[in-house]
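The file run34.tsv contains TSV, C-alpha atoms:
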```tsv
chain	number	residue	atom	x	y	z
A	270	MET	CA	-35.14	-70.29	90.30
A	271	PRO	CA	-31.61	-71.71	90.02
A	272	SER	CA	-29.42	-71.14	93.05
A	273	ILE	CA	-27.13	-68.14	92.55
A	274	VAL	CA	-26.14	-67.74	96.20
A	275	SER	CA	-24.46	-70.03	98.70
A	276	ARG	CA	-26.22	-71.66	101.63
A	277	GLU	CA	-24.77	-73.11	104.81
A	278	GLY	CA	-24.27	-76.85	104.55
A	279	PHE	CA	-24.05	-79.78	106.93
A	280	GLN	CA	-21.12	-80.14	109.33
A	281	MET	CA	-20.65	-83.06	111.68
A	282	GLY	CA	-20.53	-81.99	115.29
A	283	ARG	CA	-22.47	-78.81	114.67
A	284	ILE	CA	-26.14	-78.00	114.81
A	285	SER	CA	-28.16	-74.84	114.20
A	286	ASP	CA	-31.62	-73.40	114.63
A	287	SER	CA	-32.28	-74.09	110.94
A	288	GLU	CA	-31.43	-77.77	111.32
A	289	THR	CA	-33.51	-78.37	114.44
A	290	LYS	CA	-36.47	-76.56	112.88
A	291	SER	CA	-36.10	-78.73	109.77
A	292	PHE	CA	-36.09	-81.88	111.91
A	293	GLN	CA	-39.12	-80.78	113.91
A	294	THR	CA	-41.01	-79.89	110.73
A	295	CYS	CA	-40.40	-83.26	109.06
A	296	GLN	CA	-37.77	-85.91	109.72
A	297	ARG	CA	-37.81	-86.86	106.04
A	298	LYS	CA	-37.09	-83.29	104.95
A	299	HIS	CA	-34.24	-83.18	107.46
A	300	TYR	CA	-32.84	-86.45	106.06
A	301	TYR	CA	-32.80	-85.12	102.50
A	302	THR	CA	-31.15	-81.88	103.59
A	303	TYR	CA	-28.66	-83.00	106.23
A	304	GLY	CA	-28.33	-86.72	105.56
A	305	LEU	CA	-28.20	-86.91	101.76
A	306	ARG	CA	-27.09	-83.24	101.74
A	307	LEU	CA	-29.35	-82.29	98.83
A	308	GLN	CA	-30.85	-78.98	97.84
A	309	PRO	CA	-33.20	-78.19	94.95
A	310	ARG	CA	-31.57	-76.77	91.84
A	311	ARG	CA	-34.34	-74.20	91.71
A	312	MET	CA	-34.59	-72.06	94.82
A	313	SER	CA	-37.98	-70.66	95.84
A	314	ASP	CA	-38.60	-66.95	95.35
A	315	GLY	CA	-39.07	-66.45	99.08
A	316	LEU	CA	-35.77	-68.11	99.96
A	317	THR	CA	-34.00	-66.13	97.24
A	318	ARG	CA	-35.36	-62.85	98.60
A	319	GLY	CA	-34.29	-63.76	102.11
A	320	ILE	CA	-30.73	-64.78	101.23
A	321	VAL	CA	-30.09	-61.92	98.82
A	322	GLY	CA	-31.72	-59.41	101.17
A	323	HIS	CA	-29.60	-60.53	104.10
A	324	GLU	CA	-26.39	-60.27	102.11
A	325	VAL	CA	-27.26	-56.80	100.84
A	326	LEU	CA	-28.23	-55.57	104.32
A	327	ALA	CA	-24.95	-56.99	105.63
A	328	GLU	CA	-23.13	-54.62	103.25
A	329	TYR	CA	-25.29	-51.70	104.36
A	330	TYR	CA	-24.81	-52.26	108.09
A	331	SER	CA	-21.14	-53.21	107.79
A	332	ALA	CA	-20.51	-49.79	106.29
A	333	LEU	CA	-22.41	-48.13	109.15
A	334	ALA	CA	-20.52	-50.23	111.70
A	335	ASP	CA	-17.29	-48.95	110.10
A	336	ARG	CA	-18.63	-45.43	110.81
A	337	LYS	CA	-19.24	-44.59	107.16
A	338	ASP	CA	-22.05	-42.17	106.41
A	339	HIS	CA	-25.50	-43.13	105.17
A	340	ALA	CA	-24.76	-42.37	101.51
A	341	ALA	CA	-21.67	-44.57	101.54
A	342	ALA	CA	-23.61	-47.39	103.20
A	343	VAL	CA	-26.34	-47.19	100.56
A	344	ASP	CA	-23.71	-47.22	97.80
A	345	ALA	CA	-22.13	-50.36	99.27
A	346	ALA	CA	-25.51	-52.09	99.47
A	347	ASN	CA	-26.46	-51.05	95.94
A	348	SER	CA	-23.18	-52.37	94.62
A	349	ARG	CA	-23.85	-55.77	96.21
A	350	MET	CA	-27.38	-55.84	94.82
A	351	ALA	CA	-26.08	-54.91	91.37
A	352	SER	CA	-23.83	-57.97	91.44
A	353	PHE	CA	-26.84	-60.20	92.16
A	354	ILE	CA	-28.87	-58.61	89.38
A	355	GLN	CA	-26.00	-59.06	86.93
A	356	LYS	CA	-25.52	-62.68	87.98
A	357	ALA	CA	-29.22	-63.35	87.54
A	358	ALA	CA	-29.17	-61.79	84.07
A	359	ASP	CA	-26.06	-63.77	83.09
A	360	THR	CA	-27.76	-67.05	84.05
A	361	GLY	CA	-30.93	-66.23	82.12
A	362	LEU	CA	-33.16	-65.56	85.12
A	363	ASP	CA	-36.00	-63.09	85.28
A	364	VAL	CA	-34.48	-60.19	87.19
A	365	ILE	CA	-37.84	-58.69	88.22
A	366	LEU	CA	-37.67	-60.41	91.62
A	367	PHE	CA	-34.30	-58.76	92.24
A	368	THR	CA	-35.27	-55.32	90.97
A	369	ASP	CA	-38.47	-55.38	93.05
A	370	LEU	CA	-36.40	-56.29	96.09
A	371	GLN	CA	-33.96	-53.49	95.28
A	372	LYS	CA	-36.82	-50.96	95.21
A	373	ARG	CA	-38.11	-52.15	98.57
A	374	LEU	CA	-34.61	-51.92	100.06
A	375	GLN	CA	-34.20	-48.38	98.75
A	376	ASP	CA	-37.28	-47.46	100.78
A	377	TYR	CA	-35.83	-49.38	103.72
A	378	TYR	CA	-32.58	-47.40	103.71
A	379	GLU	CA	-34.51	-44.15	104.00
A	380	TRP	CA	-36.79	-45.58	106.68
A	381	SER	CA	-33.88	-46.97	108.67
A	382	TYR	CA	-31.94	-43.70	108.37
A	383	ALA	CA	-34.88	-41.78	109.80
A	384	ASN	CA	-35.44	-44.31	112.61
A	385	GLU	CA	-31.88	-45.38	113.43
A	386	ARG	CA	-29.98	-42.09	113.25
A	387	GLY	CA	-28.99	-41.33	116.83
A	388	ALA	CA	-30.75	-44.48	118.05
A	389	PHE	CA	-28.13	-47.20	117.52
A	390	ARG	CA	-24.38	-47.65	117.31
A	391	PHE	CA	-23.83	-50.74	115.17
A	392	GLN	CA	-21.10	-53.10	116.34
A	393	GLU	CA	-21.22	-56.55	114.75
A	394	VAL	CA	-22.65	-57.75	111.43
A	395	GLU	CA	-23.01	-61.42	110.47
A	396	GLN	CA	-20.85	-62.52	113.40
A	397	ALA	CA	-21.00	-66.22	114.25
A	398	TYR	CA	-21.08	-67.67	117.79
A	399	ARG	CA	-21.34	-71.15	119.14
A	400	LEU	CA	-22.25	-72.89	122.37
A	401	THR	CA	-20.81	-76.28	123.26
A	402	LEU	CA	-23.62	-78.53	124.47
A	403	PRO	CA	-23.24	-81.60	126.71
A	404	GLY	CA	-21.51	-84.34	124.74
A	405	GLY	CA	-19.46	-81.86	122.72
A	406	LEU	CA	-22.09	-80.91	120.12
A	407	GLN	CA	-21.68	-77.29	119.06
A	408	TYR	CA	-24.80	-75.14	118.60
A	409	VAL	CA	-23.93	-72.56	115.96
A	410	MET	CA	-25.67	-69.25	115.27
A	411	ARG	CA	-24.87	-66.27	113.08
A	412	LEU	CA	-26.44	-63.01	114.21
A	413	ASP	CA	-27.59	-60.44	111.68
A	414	LEU	CA	-26.80	-57.33	113.66
A	415	LEU	CA	-25.59	-56.40	117.13
A	416	ALA	CA	-25.97	-52.78	118.20
A	417	GLU	CA	-25.78	-50.53	121.20
A	418	SER	CA	-28.98	-48.66	121.86
A	419	ILE	CA	-28.06	-45.04	122.52
A	420	SER	CA	-31.54	-43.59	122.96
A	421	GLY	CA	-35.04	-44.71	123.90
A	422	PRO	CA	-36.13	-47.16	126.60
A	423	TYR	CA	-33.10	-49.45	126.15
A	424	ALA	CA	-30.40	-46.75	126.03
A	425	GLY	CA	-27.00	-48.06	127.06
A	426	GLN	CA	-27.94	-51.70	126.38
A	427	LEU	CA	-26.80	-54.04	123.64
A	428	VAL	CA	-29.60	-55.25	121.38
A	429	LEU	CA	-29.83	-58.00	118.81
A	430	ILE	CA	-31.53	-57.17	115.50
A	431	ASP	CA	-32.67	-60.03	113.27
A	432	HIS	CA	-33.85	-59.36	109.71
A	433	LYS	CA	-36.84	-61.22	108.34
A	434	PHE	CA	-38.04	-60.85	104.75
A	435	VAL	CA	-41.74	-61.70	104.95
A	436	TRP	CA	-44.75	-61.62	102.65
A	437	ASP	CA	-46.92	-60.48	105.56
A	438	PHE	CA	-45.90	-59.25	109.02
A	439	TYR	CA	-45.87	-61.79	111.83
A	440	SER	CA	-48.75	-61.54	114.27
A	441	GLU	CA	-48.09	-60.90	117.94
A	442	ASP	CA	-48.64	-64.59	118.65
A	443	GLU	CA	-46.19	-65.62	115.91
A	444	VAL	CA	-43.57	-63.26	117.34
A	445	ALA	CA	-44.17	-64.56	120.87
A	446	MET	CA	-43.86	-68.22	119.81
A	447	ASN	CA	-40.73	-67.78	117.68
A	448	SER	CA	-37.95	-69.64	119.47
A	449	GLN	CA	-35.02	-68.45	117.34
A	450	LEU	CA	-34.25	-65.16	119.07
A	451	PRO	CA	-34.47	-66.55	122.64
A	452	LYS	CA	-31.94	-69.21	121.54
A	453	TYR	CA	-29.67	-66.53	120.10
A	454	LEU	CA	-29.90	-64.43	123.25
A	455	GLY	CA	-28.99	-67.49	125.30
A	456	ILE	CA	-25.93	-68.22	123.15
A	457	LEU	CA	-24.80	-64.59	123.40
A	458	ALA	CA	-25.18	-64.71	127.18
A	459	ALA	CA	-23.09	-67.89	127.28
A	460	ASN	CA	-20.43	-66.00	125.31
A	461	ASP	CA	-20.48	-63.20	127.92
A	462	VAL	CA	-22.28	-60.81	125.57
A	463	PRO	CA	-24.96	-59.19	127.79
A	464	VAL	CA	-27.98	-58.90	125.50
A	465	ARG	CA	-31.51	-59.23	126.82
A	466	ILE	CA	-33.45	-57.43	124.10
A	467	ALA	CA	-33.96	-58.43	120.48
A	468	TYR	CA	-35.78	-56.79	117.60
A	469	LEU	CA	-37.47	-58.78	114.86
A	470	ASN	CA	-36.84	-56.49	111.90
A	471	MET	CA	-39.56	-57.36	109.38
A	472	ILE	CA	-39.24	-56.22	105.77
A	473	ARG	CA	-42.43	-56.95	103.87
A	474	THR	CA	-41.81	-58.09	100.29
A	475	ARG	CA	-45.41	-58.04	99.06
A	476	VAL	CA	-45.77	-55.77	96.02
A	477	ASN	CA	-49.17	-54.07	95.71
A	478	LYS	CA	-50.58	-52.28	92.70
A	479	LYS	CA	-51.43	-49.31	94.91
A	480	PRO	CA	-48.65	-47.45	96.74
A	481	MET	CA	-48.02	-48.85	100.22
A	482	ALA	CA	-47.54	-46.72	103.31
A	483	ILE	CA	-44.20	-47.02	105.08
A	484	ALA	CA	-45.96	-48.64	108.05
A	485	ASP	CA	-47.11	-51.41	105.69
A	486	LYS	CA	-43.57	-52.11	104.46
A	487	PHE	CA	-41.42	-52.22	107.60
A	488	ARG	CA	-42.06	-53.13	111.20
A	489	ARG	CA	-39.97	-54.00	114.24
A	490	ALA	CA	-41.23	-56.19	117.06
A	491	VAL	CA	-39.51	-56.30	120.45
A	492	VAL	CA	-38.60	-59.75	121.76
A	493	LYS	CA	-37.79	-59.83	125.47
A	494	PRO	CA	-37.89	-63.41	126.75
A	495	THR	CA	-37.53	-64.22	130.44
A	496	PRO	CA	-34.48	-66.19	131.66
A	497	GLU	CA	-36.83	-69.09	132.39
A	498	GLU	CA	-38.13	-69.03	128.82
A	499	ILE	CA	-34.60	-69.11	127.38
A	500	GLN	CA	-33.61	-71.97	129.68
A	501	THR	CA	-36.68	-74.03	128.83
A	502	ILE	CA	-36.22	-73.51	125.09
A	503	PHE	CA	-32.61	-74.67	125.32
A	504	LEU	CA	-33.51	-77.73	127.39
A	505	GLU	CA	-36.04	-78.73	124.75
A	506	GLU	CA	-33.56	-77.89	121.99
A	507	LEU	CA	-31.02	-80.22	123.58
A	508	LYS	CA	-33.52	-83.09	123.39
A	509	VAL	CA	-34.00	-82.44	119.67
A	510	ALA	CA	-30.23	-82.23	119.17
A	511	GLU	CA	-29.79	-85.60	120.87
A	512	GLN	CA	-32.31	-87.18	118.48
A	513	ILE	CA	-30.48	-85.68	115.51
A	514	GLU	CA	-27.12	-86.92	116.78
A	515	PHE	CA	-28.59	-90.44	117.06
A	516	PHE	CA	-29.60	-90.41	113.40
A	517	ARG	CA	-26.22	-88.98	112.39
A	518	SER	CA	-24.55	-91.95	114.08
A	519	LEU	CA	-26.35	-94.38	111.74
A	520	SER	CA	-25.58	-95.32	108.17
A	521	LEU	CA	-27.72	-93.52	105.59
A	522	GLU	CA	-29.71	-96.70	105.01
A	523	GLN	CA	-30.41	-97.11	108.72
A	524	TRP	CA	-31.15	-93.40	109.07
A	525	GLU	CA	-33.74	-93.58	106.30
A	526	SER	CA	-35.40	-96.65	107.78
A	527	GLU	CA	-35.82	-95.01	111.21
A	528	ILE	CA	-37.40	-91.69	110.25
A	529	THR	CA	-41.02	-90.73	109.61
A	530	ARG	CA	-42.80	-88.30	107.30
A	531	SER	CA	-45.05	-85.56	108.65
A	532	MET	CA	-47.33	-85.70	105.58
A	533	THR	CA	-49.43	-82.68	106.48
A	534	PRO	CA	-50.73	-80.20	103.88
A	535	MET	CA	-49.18	-77.23	105.70
A	536	ASN	CA	-45.68	-78.77	105.65
A	537	CYS	CA	-45.80	-80.54	102.31
A	538	LYS	CA	-47.10	-77.65	100.20
A	539	THR	CA	-43.97	-75.60	100.88
A	540	CYS	CA	-41.45	-78.45	101.07
A	541	PRO	CA	-38.81	-78.35	98.30
A	542	PHE	CA	-38.51	-82.14	98.51
A	543	ALA	CA	-42.21	-82.96	98.13
A	544	ILE	CA	-41.84	-84.48	94.64
A	545	LEU	CA	-38.88	-86.61	95.73
A	546	CYS	CA	-40.58	-87.68	98.95
A	547	LYS	CA	-43.72	-88.78	97.07
A	548	ALA	CA	-41.69	-90.77	94.55
A	549	ASP	CA	-39.74	-92.49	97.33
A	550	LEU	CA	-43.00	-93.23	99.14
A	551	GLN	CA	-44.32	-94.95	96.00
A	552	GLY	CA	-41.23	-97.11	95.74
A	553	GLN	CA	-39.89	-95.47	92.58
A	554	ASP	CA	-36.22	-95.41	91.65
A	555	THR	CA	-35.35	-91.77	92.39
A	556	ARG	CA	-31.64	-91.81	91.58
A	557	LEU	CA	-32.09	-89.91	88.31
A	558	MET	CA	-34.51	-87.43	89.91
A	559	ARG	CA	-31.96	-86.64	92.59
A	560	GLN	CA	-29.36	-85.88	89.93
A	561	VAL	CA	-31.64	-83.78	87.70
A	562	GLU	CA	-33.85	-81.90	90.17
A	563	PHE	CA	-31.38	-81.55	93.02
A	564	GLU	CA	-27.73	-80.75	93.62
A	565	PRO	CA	-25.22	-81.33	96.44
A	566	ARG	CA	-25.66	-79.02	99.38
A	567	PRO	CA	-22.36	-77.16	99.93
A	568	VAL	CA	-20.45	-77.51	103.17
A	569	ASN	CA	-19.32	-74.24	104.72
A	570	GLU	CA	-15.95	-75.25	106.12
A	571	ALA	CA	-14.82	-71.64	106.48
A	572	MET	CA	-17.33	-70.61	109.17
A	573	GLU	CA	-15.52	-68.57	111.82
A	574	VAL	CA	-17.27	-68.65	115.18
A	575	LYS	CA	-16.83	-67.36	118.70
A	576	GLN	CA	-17.17	-70.17	121.20
A	577	ALA	CA	-18.52	-70.33	124.72
```
Mind converting the file's structure to structure tokens?
Amino acid sequence: MPSIVSREGFQMGRISDSETKSFQTCQRKHYYTYGLRLQPRRMSDGLTRGIVGHEVLAEYYSALADRKDHAAAVDAANSRMASFIQKAADTGLDVILFTDLQKRLQDYYEWSYANERGAFRFQEVEQAYRLTLPGGLQYVMRLDLLAESISGPYAGQLVLIDHKFVWDFYSEDEVAMNSQLPKYLGILAANDVPVRIAYLNMIRTRVNKKPMAIADKFRRAVVKPTPEEIQTIFLEELKVAEQIEFFRSLSLEQWESEITRSMTPMNCKTCPFAILCKADLQGQDTRLMRQVEFEPRPVNEAMEVKQA
């Protein structure tokens, strides 16, 4: 569907988990996104759910962090969702995706109220941090939610909560091999924010014909990496960042000539640039395609970050 929300763009001198993952998935995809700074005019349903869901949850938890009651937090979130639904309707989009997401979030608010009341004191929502790497490159992250655990096994500790809108829950192996949260914990530690525990807060977006049990809609997985794991992930991340910085130092023509395609079914079937990549591979003139099917990726110059 057409993009109705903003997405973080490319900034020289900065790098993020999203960019390194893009590069590791396919250098060609990374080139289109961060070199040519393109994005498809039609955003996938999954990406739309994730971006809209994060923005709506930011309203919900910001209200709770401001010590407003549950009803006021739900009202704030519903107001934000209403603006998305109205914008979708105004641009001629099918609003079913948004109304289905709204219904799932209504269930989430009740679930979170029952599970979080007396369990967390929310402190920061959508706060950005950065870590200056060797050579001056800044690794940027924006956390979803930082809270103090006030009951349970981690009482008295700060915890990081990261929202994920998923079609199906991650398996234990997928949770264990997800490098994003260990990176985020490492950046927080470098900023003197003592957080060792993270929760992967999974909100399942699958809509079934039969009613789904609460346990089939929402799940939280604990992520507790060792210091050695965090250090190793960052050392490997630095190697990827150095490769990216090399390509950034080239002209676009040189950049394009140096990169490779992954060309694997798993990567290509979900890549938003697959049609453009194939046309370029065949030697076609893709200038018109880039103008019609894609649009400039916005640059977020206003990002405020805390720096280590």
Produce a table with one row for each residue of stretch 307-390 of chain A that has an atom at most 12 Å from any atom of stretch 482-488 of chain A, each row naming the nearest atom pair and its distance in Å at one decimal; use only C-alpha atoms; arrange rows by chain and rising residue number; format as JSON lines.
```
{"residue": "A:Leu370", "atom": "CA", "partner": "A:Lys486", "partner_atom": "CA", "distance": 11.8}
{"residue": "A:Lys372", "atom": "CA", "partner": "A:Lys486", "partner_atom": "CA", "distance": 11.5}
{"residue": "A:Arg373", "atom": "CA", "partner": "A:Lys486", "partner_atom": "CA", "distance": 8.0}
{"residue": "A:Leu374", "atom": "CA", "partner": "A:Lys486", "partner_atom": "CA", "distance": 10.0}
{"residue": "A:Gln375", "atom": "CA", "partner": "A:Lys486", "partner_atom": "CA", "distance": 11.6}
{"residue": "A:Asp376", "atom": "CA", "partner": "A:Ile483", "partner_atom": "CA", "distance": 8.2}
{"residue": "A:Tyr377", "atom": "CA", "partner": "A:Phe487", "partner_atom": "CA", "distance": 7.4}
{"residue": "A:Tyr378", "atom": "CA", "partner": "A:Phe487", "partner_atom": "CA", "distance": 10.8}
{"residue": "A:Glu379", "atom": "CA", "partner": "A:Ile483", "partner_atom": "CA", "distance": 10.2}
{"residue": "A:Trp380", "atom": "CA", "partner": "A:Ile483", "partner_atom": "CA", "distance": 7.7}
{"residue": "A:Ser381", "atom": "CA", "partner": "A:Phe487", "partner_atom": "CA", "distance": 9.2}
{"residue": "A:Ala383", "atom": "CA", "partner": "A:Ile483", "partner_atom": "CA", "distance": 11.7}
{"residue": "A:Asn384", "atom": "CA", "partner": "A:Phe487", "partner_atom": "CA", "distance": 11.1}
```
Output the selection as a compact mmCIF listing (two decimals), in the coordinates of the input - C-alpha atoms for each residue.
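Okay, this is what ended up in out04.txt:
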```txt
# COMPACT_ATOMS: atom_id res chain seq x y z
CA LEU A 370 -36.40 -56.29 96.09
CA LYS A 372 -36.82 -50.96 95.21
CA ARG A 373 -38.11 -52.15 98.57
CA LEU A 374 -34.61 -51.92 100.06
CA GLN A 375 -34.20 -48.38 98.75
CA ASP A 376 -37.28 -47.46 100.78
CA TYR A 377 -35.83 -49.38 103.72
CA TYR A 378 -32.58 -47.40 103.71
CA GLU A 379 -34.51 -44.15 104.00
CA TRP A 380 -36.79 -45.58 106.68
CA SER A 381 -33.88 -46.97 108.67
CA ALA A 383 -34.88 -41.78 109.80
CA ASN A 384 -35.44 -44.31 112.61
```
For a test of reading the model, state the distance in Å between atom CA of A:Leu504 and atom CA of A:Gly405, rounded to one decimal.
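Pair atom CA of A:Leu504 / atom CA of A:Gly405 returns 15.4 Å.
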Residues within 6 Å of stretch 347-353 of chain A, please, as a short mmCIF file (atom, residue, chain, number, x, y, z; two decimals) with C-alpha atoms, keeping the file's coordinate frame. Count all atoms listed in the file; anything in the same chain fewer than 3 positions from it doesn't count.
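File written: around.cif
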```cif
data_model
loop_
_atom_site.label_atom_id
_atom_site.label_comp_id
_atom_site.auth_asym_id
_atom_site.auth_seq_id
_atom_site.Cartn_x
_atom_site.Cartn_y
_atom_site.Cartn_z
CA VAL A 325 -27.26 -56.80 100.84
CA ASP A 344 -23.71 -47.22 97.80
CA LYS A 356 -25.52 -62.68 87.98
#
```
All residues 12 Å or closer to A:Ile456, only C-alpha atoms, same chain fewer than 4 positions away omitted, as a ChimeraX atom specification:
/A:285-286,397-402,407-412,429,449-452,460-465,499-500,502-503,574-577
So that I have them on file, write out the residues from the current selection with C-alpha atoms, as an mmCIF file, keeping the file's coordinate frame.
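So the final result, stored in selection_39.cif, reads:
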```
data_model
loop_
_atom_site.group_PDB
_atom_site.id
_atom_site.type_symbol
_atom_site.label_atom_id
_atom_site.label_comp_id
_atom_site.auth_asym_id
_atom_site.auth_seq_id
_atom_site.Cartn_x
_atom_site.Cartn_y
_atom_site.Cartn_z
ATOM 1 C CA SER A 285 -28.160 -74.840 114.200
ATOM 2 C CA ASP A 286 -31.620 -73.400 114.630
ATOM 3 C CA ALA A 397 -21.000 -66.220 114.250
ATOM 4 C CA TYR A 398 -21.080 -67.670 117.790
ATOM 5 C CA ARG A 399 -21.340 -71.150 119.140
ATOM 6 C CA LEU A 400 -22.250 -72.890 122.370
ATOM 7 C CA THR A 401 -20.810 -76.280 123.260
ATOM 8 C CA LEU A 402 -23.620 -78.530 124.470
ATOM 9 C CA GLN A 407 -21.680 -77.290 119.060
ATOM 10 C CA TYR A 408 -24.800 -75.140 118.600
ATOM 11 C CA VAL A 409 -23.930 -72.560 115.960
ATOM 12 C CA MET A 410 -25.670 -69.250 115.270
ATOM 13 C CA ARG A 411 -24.870 -66.270 113.080
ATOM 14 C CA LEU A 412 -26.440 -63.010 114.210
ATOM 15 C CA LEU A 429 -29.830 -58.000 118.810
ATOM 16 C CA GLN A 449 -35.020 -68.450 117.340
ATOM 17 C CA LEU A 450 -34.250 -65.160 119.070
ATOM 18 C CA PRO A 451 -34.470 -66.550 122.640
ATOM 19 C CA LYS A 452 -31.940 -69.210 121.540
ATOM 20 C CA ASN A 460 -20.430 -66.000 125.310
ATOM 21 C CA ASP A 461 -20.480 -63.200 127.920
ATOM 22 C CA VAL A 462 -22.280 -60.810 125.570
ATOM 23 C CA PRO A 463 -24.960 -59.190 127.790
ATOM 24 C CA VAL A 464 -27.980 -58.900 125.500
ATOM 25 C CA ARG A 465 -31.510 -59.230 126.820
ATOM 26 C CA ILE A 499 -34.600 -69.110 127.380
ATOM 27 C CA GLN A 500 -33.610 -71.970 129.680
ATOM 28 C CA ILE A 502 -36.220 -73.510 125.090
ATOM 29 C CA PHE A 503 -32.610 -74.670 125.320
ATOM 30 C CA VAL A 574 -17.270 -68.650 115.180
ATOM 31 C CA LYS A 575 -16.830 -67.360 118.700
ATOM 32 C CA GLN A 576 -17.170 -70.170 121.200
ATOM 33 C CA ALA A 577 -18.520 -70.330 124.720
#
```
Counting all atoms listed in the file, which of A:Lys337, A:Ala327, A:Gln371, A:Ser418 gets nearest to A:Glu395?
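Closest to A:Glu395, using all atoms listed in the file: A:Ala327.
Pairwise distance (atom CA of A:Asp314, atom CA of A:Ala510) equals 29.5 Å.
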Given only C-alpha atoms as the basis, pick out the residue of A:Ser331, A:Ala340, A:Thr289, A:Ser526 nearest to A:Gln396.
A:Ser331
Quick one: everything within 6 Å of A:Ala416, counting all atoms listed in the file, minus sequence neighbours fewer than 4 positions away in the same chain. Send it as a PDB file with C-alpha atoms, in the frame of the given file.
```pdb
ATOM      1  CA  ARG A 390     -24.380 -47.650 117.310  1.00  0.00           C
ATOM      2  CA  PHE A 391     -23.830 -50.740 115.170  1.00  0.00           C
ATOM      3  CA  GLN A 392     -21.100 -53.100 116.340  1.00  0.00           C
ATOM      4  CA  LEU A 427     -26.800 -54.040 123.640  1.00  0.00           C
ATOM      5  CA  VAL A 428     -29.600 -55.250 121.380  1.00  0.00           C
TER       6      VAL A 428
END
```
Please identify all polymer residues within 9 Å of A:Ile466, counting only C-alpha atoms, omitting same-chain residues fewer than 3 positions from it, and present them as a PyMOL selection string.
chain A and resi 423+426-430+454+491-494
In Å, with one decimal, what is the gap from atom CA of A:Ser291 to atom CA of A:Ala548?
20.2 Å
Neighbours of A:Met558 within 12 Å (all atoms listed in the file; same-chain residues fewer than 2 positions away dropped), as a list in words?
Leu307, Pro309, Arg310, Phe542, Ile544, Leu545, Cys546, Lys547, Ala548, Asp549, Gln553, Asp554, Thr555, Arg556, Gln560, Val561, Glu562, Phe563 and Glu564 of chain A
Quick one: residues within 8 Å of (-36.1, -59.6, 113.1) (file frame), counting only C-alpha atoms, please, as a list of chain:residue names.
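Residues satisfying the cut-off, written out: A:Ile430, A:Asp431, A:His432, A:Lys433, A:Ala467, A:Tyr468, A:Leu469, A:Asn470, A:Met471, A:Arg489, A:Ala490.
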Could the residues in this selection be written to a file with C-alpha atoms, as a PDB file, keeping the file's coordinate frame?
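Saved to result_28.pdb:
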```
ATOM      1  CA  ILE A 430     -31.530 -57.170 115.500  1.00  0.00           C
ATOM      2  CA  ASP A 431     -32.670 -60.030 113.270  1.00  0.00           C
ATOM      3  CA  HIS A 432     -33.850 -59.360 109.710  1.00  0.00           C
ATOM      4  CA  LYS A 433     -36.840 -61.220 108.340  1.00  0.00           C
ATOM      5  CA  ALA A 467     -33.960 -58.430 120.480  1.00  0.00           C
ATOM      6  CA  TYR A 468     -35.780 -56.790 117.600  1.00  0.00           C
ATOM      7  CA  LEU A 469     -37.470 -58.780 114.860  1.00  0.00           C
ATOM      8  CA  ASN A 470     -36.840 -56.490 111.900  1.00  0.00           C
ATOM      9  CA  MET A 471     -39.560 -57.360 109.380  1.00  0.00           C
ATOM     10  CA  ARG A 489     -39.970 -54.000 114.240  1.00  0.00           C
ATOM     11  CA  ALA A 490     -41.230 -56.190 117.060  1.00  0.00           C
TER      12      ALA A 490
END
```
